[in-house]
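Chemist: Starting off with a structure, shown below.
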Amino acid sequence: MFVSAVLFDFGGTLDSNGITWLDRFYPLYVRQGLKLDRKAFSAAFYESDDHLAQRHRLDGLGLEETLRLQVRDVLTAIGPGLDDMAERIVQPFLYDSRDSFRKARPLLEQLSRRCKLGIVSNFYGNLEGILASEGLLPYFSVVADSGRIGYTKPEPELFLHAMNHLKAGPAGTWMVGDSIARDMKGAETLGLRHAWLRGERPQSGACCERVAVLDSLDELADCLEPSALV
């Protein structure tokens with residue numbers, strides 16, 4: 001089967017090997033000596049995440065500046081007097097993200113010569129600028145950022161926005177992401193082939209029998225070979 005387009009999630013997929021922001025951030029906060037159980041941290045994380053674009057003007061901000069605002073808002077939600085921890089949390093997260101970008105570039109370069117690439121992400125509205133500042137934007141023909149489009153995964157409209165821009169039909173389009181609930185279910189609804197970057201989760205957690213399960217993003221190229229498309 002011919003592959004005409006590949007859609008990628010961003011957070012947890014391009015910036016890490018299948019590990020969500022919450023799961024990446026939590027140990028960085030604990031390392032600072034904060035006595036936080038996972039439930040309390042999740043509440044503070046999502047309080048920041050859900051309101052970041054309303055609290056701050058994000059247009060023109062790169063990844064480092066966006067992470068800094070997100071972390072400072074989390075620290076504010078946890079308690080007073082914690083701002084001095086922000087950089088010790090932001091910098092290792094940023095370093096790991098950029099290391100993942102570096103590792104992803106050969107794959108993106110290879111795929112961009114074969115088919116059209118796009119981003120479909122639940123983000124804050126400034127993802128296109130972040131991709132540009134990190135040198136990744138030239139690989140992608142469309143960036144469907146929920147903060148810009150007004151829909152969130154798994155709603156089909158976000159996927160369809162990207163597919164319509166790429167002039168790609170469901171039969172020839174793949175979705176690659178780390179979230180079963182958002183990426184894989186959204187792709188299933190539209191009849192897209194889909195690849196799950198599982199991170200540290202067991203393969204038994206896959207969404208369906210047709211999903212391609214990836215231990216690392218560089219395995220994707222083999223999934224898209226004609227011999228693998230059965």
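Numbering starts fresh at 1 for the residues of each chain in the structure tokens, the chains themselves are lettered A, B, ... in the order given, and ligands are numbered from 1 as they appear.
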Would you please extract all strand (DSSP E) residues from segment 4-170 of chain A, as assigned by DSSP on the backbone, and give them as a list in words?
Modeler: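 The strand (DSSP E) residues within segment 4-170 of chain A come out as Ala5, Val6, Leu7, Phe8, Lys116, Leu117, Gly118, Ile119, Val120, Ser121, Val142, Val143, Ala144 and Asp145 of chain A.
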Chemist: What's the 7 Å shell around segment 168-171 of chain A, counting only C-alpha atoms, without same-chain residues fewer than 5 positions away, as a PyMOL selection string?
Modeler: chain A and resi 4-5+163+190-192
Chemist: Print the selection's residues with C-alpha atoms to a file, as a PDB file, in the first residue's frame.
Modeler:
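Saved the output as part-v4.pdb:
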ATOM      1  CA  SER A   4       1.342   9.382   0.931  1.00  0.00           C
ATOM      2  CA  ALA A   5       1.576  11.093   4.334  1.00  0.00           C
ATOM      3  CA  MET A 163      -4.861  15.618   5.870  1.00  0.00           C
ATOM      4  CA  LEU A 190     -10.661   7.946  10.567  1.00  0.00           C
ATOM      5  CA  GLY A 191      -9.305   4.665   9.258  1.00  0.00           C
ATOM      6  CA  LEU A 192      -5.657   5.734   9.324  1.00  0.00           C
TER       7      LEU A 192
END
Chemist: Just the residues within 10 Å of Asp96 of chain A, please, counting only C-alpha atoms, with nothing from its chain fewer than 5 positions along; format it as a compact mmCIF listing (two decimals) with N, CA and C atoms, in the first residue's frame.
Modeler:
# COMPACT_ATOMS: atom_id res chain seq x y z
N ASP A 15 9.78 14.56 20.85
CA ASP A 15 10.70 15.11 21.86
C ASP A 15 11.09 14.10 22.93
N SER A 16 10.62 12.86 22.81
CA SER A 16 11.05 11.81 23.73
C SER A 16 10.65 10.47 23.14
N ARG A 24 7.93 12.63 32.23
CA ARG A 24 9.30 13.13 32.17
C ARG A 24 9.57 14.16 33.26
N GLN A 91 16.14 22.88 32.41
CA GLN A 91 17.31 22.61 31.58
C GLN A 91 17.51 21.12 31.26
N PHE A 101 15.30 15.31 19.37
CA PHE A 101 15.22 15.95 18.05
C PHE A 101 16.41 15.54 17.19
N ARG A 102 17.58 15.53 17.79
CA ARG A 102 18.79 15.15 17.05
C ARG A 102 18.67 13.72 16.52
Chemist: Per residue of segment 15-103 of chain A within 10 Å of segment 120-142 of chain A, which atom pair is closest and at what distance in Å (one decimal), using only C-alpha atoms, listed by chain and increasing number, as CSV?
Modeler:
residue,atom,partner,partner_atom,distance
A:Asp49,CA,A:Tyr124,CA,8.5
A:Asp50,CA,A:Tyr124,CA,8.8
A:His51,CA,A:Tyr124,CA,9.1
A:Leu52,CA,A:Tyr124,CA,7.2
A:Ala53,CA,A:Tyr124,CA,5.7
A:Gln54,CA,A:Tyr124,CA,9.2
A:Arg57,CA,A:Asn126,CA,9.6
A:Leu58,CA,A:Asn126,CA,6.2
A:Asp59,CA,A:Asn126,CA,5.7
A:Gly60,CA,A:Gly129,CA,6.2
A:Leu61,CA,A:Gly129,CA,7.1
A:Gly62,CA,A:Ile130,CA,4.7
A:Leu63,CA,A:Ile130,CA,5.5
A:Glu64,CA,A:Ile130,CA,9.0
A:Glu65,CA,A:Ile130,CA,9.8
A:Thr66,CA,A:Asn126,CA,8.9
A:Arg98,CA,A:Glu134,CA,8.0
A:Phe101,CA,A:Leu136,CA,7.9
A:Arg102,CA,A:Leu136,CA,9.7
Chemist: Could you give me, as a list in words, the residues within 10 Å of Gln32 of chain A, counting only C-alpha atoms and dropping anything in the same chain fewer than 3 positions from it?
Modeler: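 What passes the distance filter is Pro27, Leu28, Tyr29, Lys35, Leu82, Met85, Ala86, Arg88 and Ile89 of chain A.
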Chemist: Record the distance separating atom CA of Ala187 of chain A and atom CA of Ser48 of chain A, expressed in Å with one decimal.
Modeler: 27.6 Å
Chemist: May I ask which of the residues A:Asp84, A:Cys115, A:Asp23, A:Leu107 is the closest one to Lys167 of chain A, counting only C-alpha atoms?
Modeler: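 Ranked by minimum distance to Lys167 of chain A, first place goes to A:Cys115.
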Chemist: Going by DSSP on the backbone, which bits of segment 75-220 of chain A are helix (DSSP H, G or I)? Write them as an mmCIF file with C-alpha atoms, in the first residue's frame, please.
Modeler:
data_model
loop_
_atom_site.group_PDB
_atom_site.id
_atom_site.type_symbol
_atom_site.label_atom_id
_atom_site.label_comp_id
_atom_site.auth_asym_id
_atom_site.auth_seq_id
_atom_site.Cartn_x
_atom_site.Cartn_y
_atom_site.Cartn_z
ATOM 1 C CA LEU A 75 5.778 25.565 41.084
ATOM 2 C CA THR A 76 3.309 28.343 41.903
ATOM 3 C CA ALA A 77 0.526 25.762 42.128
ATOM 4 C CA ILE A 78 2.636 23.572 44.428
ATOM 5 C CA ASP A 83 10.913 29.733 41.802
ATOM 6 C CA ASP A 84 14.629 29.097 42.265
ATOM 7 C CA MET A 85 14.061 25.456 41.281
ATOM 8 C CA ALA A 86 12.722 26.314 37.834
ATOM 9 C CA GLU A 87 15.976 26.250 35.846
ATOM 10 C CA ARG A 88 17.099 22.995 37.468
ATOM 11 C CA ILE A 89 13.904 21.440 36.105
ATOM 12 C CA VAL A 90 13.746 23.188 32.734
ATOM 13 C CA GLN A 91 17.312 22.610 31.584
ATOM 14 C CA PRO A 92 17.506 18.784 31.819
ATOM 15 C CA PHE A 93 14.066 18.517 30.217
ATOM 16 C CA LEU A 94 15.193 20.791 27.389
ATOM 17 C CA TYR A 95 18.468 18.888 26.947
ATOM 18 C CA ASP A 96 16.653 15.551 26.641
ATOM 19 C CA SER A 97 14.143 17.039 24.192
ATOM 20 C CA ARG A 98 16.894 18.361 21.943
ATOM 21 C CA ASP A 99 18.683 15.037 22.112
ATOM 22 C CA SER A 100 15.488 13.382 20.860
ATOM 23 C CA PHE A 101 15.220 15.948 18.053
ATOM 24 C CA ARG A 102 18.789 15.155 17.053
ATOM 25 C CA LYS A 103 18.028 11.440 16.933
ATOM 26 C CA ALA A 104 14.799 12.001 14.955
ATOM 27 C CA ARG A 105 16.350 14.137 12.212
ATOM 28 C CA PRO A 106 17.751 11.290 10.069
ATOM 29 C CA LEU A 107 14.346 9.595 10.044
ATOM 30 C CA LEU A 108 12.539 12.829 9.198
ATOM 31 C CA GLU A 109 15.027 13.556 6.442
ATOM 32 C CA GLN A 110 14.534 10.081 4.984
ATOM 33 C CA LEU A 111 10.742 10.152 5.174
ATOM 34 C CA SER A 112 10.419 13.691 3.831
ATOM 35 C CA LEU A 127 4.173 24.858 18.148
ATOM 36 C CA GLU A 128 5.018 26.033 14.639
ATOM 37 C CA GLY A 129 7.394 28.640 16.076
ATOM 38 C CA ILE A 130 8.972 26.060 18.368
ATOM 39 C CA LEU A 131 9.569 23.698 15.453
ATOM 40 C CA ALA A 132 11.110 26.560 13.480
ATOM 41 C CA SER A 133 13.446 27.590 16.302
ATOM 42 C CA LEU A 137 9.872 22.939 10.654
ATOM 43 C CA PRO A 138 11.329 22.384 7.147
ATOM 44 C CA TYR A 139 10.464 18.689 7.408
ATOM 45 C CA SER A 146 -4.881 22.369 18.759
ATOM 46 C CA GLY A 147 -4.249 25.811 20.240
ATOM 47 C CA ARG A 148 -4.519 27.269 16.728
ATOM 48 C CA ILE A 149 -7.129 25.011 15.132
ATOM 49 C CA PRO A 156 -11.243 14.028 13.980
ATOM 50 C CA GLU A 157 -11.143 17.683 12.939
ATOM 51 C CA LEU A 158 -7.501 18.122 13.958
ATOM 52 C CA PHE A 159 -6.413 15.123 11.898
ATOM 53 C CA LEU A 160 -8.594 16.185 8.966
ATOM 54 C CA HIS A 161 -7.110 19.672 8.993
ATOM 55 C CA ALA A 162 -3.665 18.183 8.423
ATOM 56 C CA MET A 163 -4.861 15.618 5.870
ATOM 57 C CA ASN A 164 -6.783 18.201 3.858
ATOM 58 C CA HIS A 165 -3.744 20.456 3.734
ATOM 59 C CA LEU A 166 -1.602 17.559 2.546
ATOM 60 C CA PRO A 170 -6.984 7.917 5.007
ATOM 61 C CA ALA A 171 -5.799 4.828 3.133
ATOM 62 C CA GLY A 172 -2.359 6.302 2.505
ATOM 63 C CA ILE A 180 -3.487 5.384 22.835
ATOM 64 C CA ALA A 181 -6.411 7.586 23.882
ATOM 65 C CA ARG A 182 -5.542 10.578 21.694
ATOM 66 C CA ASP A 183 -3.290 9.513 18.821
ATOM 67 C CA MET A 184 -4.262 5.900 18.184
ATOM 68 C CA LYS A 185 -8.004 6.224 18.836
ATOM 69 C CA GLY A 186 -8.178 9.346 16.699
ATOM 70 C CA ALA A 187 -6.415 7.538 13.871
ATOM 71 C CA GLU A 188 -8.658 4.474 14.214
ATOM 72 C CA THR A 189 -11.777 6.618 13.958
ATOM 73 C CA LEU A 190 -10.661 7.946 10.567
ATOM 74 C CA GLN A 203 3.033 -4.079 24.361
ATOM 75 C CA SER A 204 -0.161 -5.664 25.678
ATOM 76 C CA GLY A 205 -1.534 -2.141 26.129
ATOM 77 C CA LEU A 217 11.011 6.089 16.574
ATOM 78 C CA ASP A 218 13.711 4.880 14.214
ATOM 79 C CA GLU A 219 11.776 1.614 13.789
ATOM 80 C CA LEU A 220 9.105 3.539 11.876
#
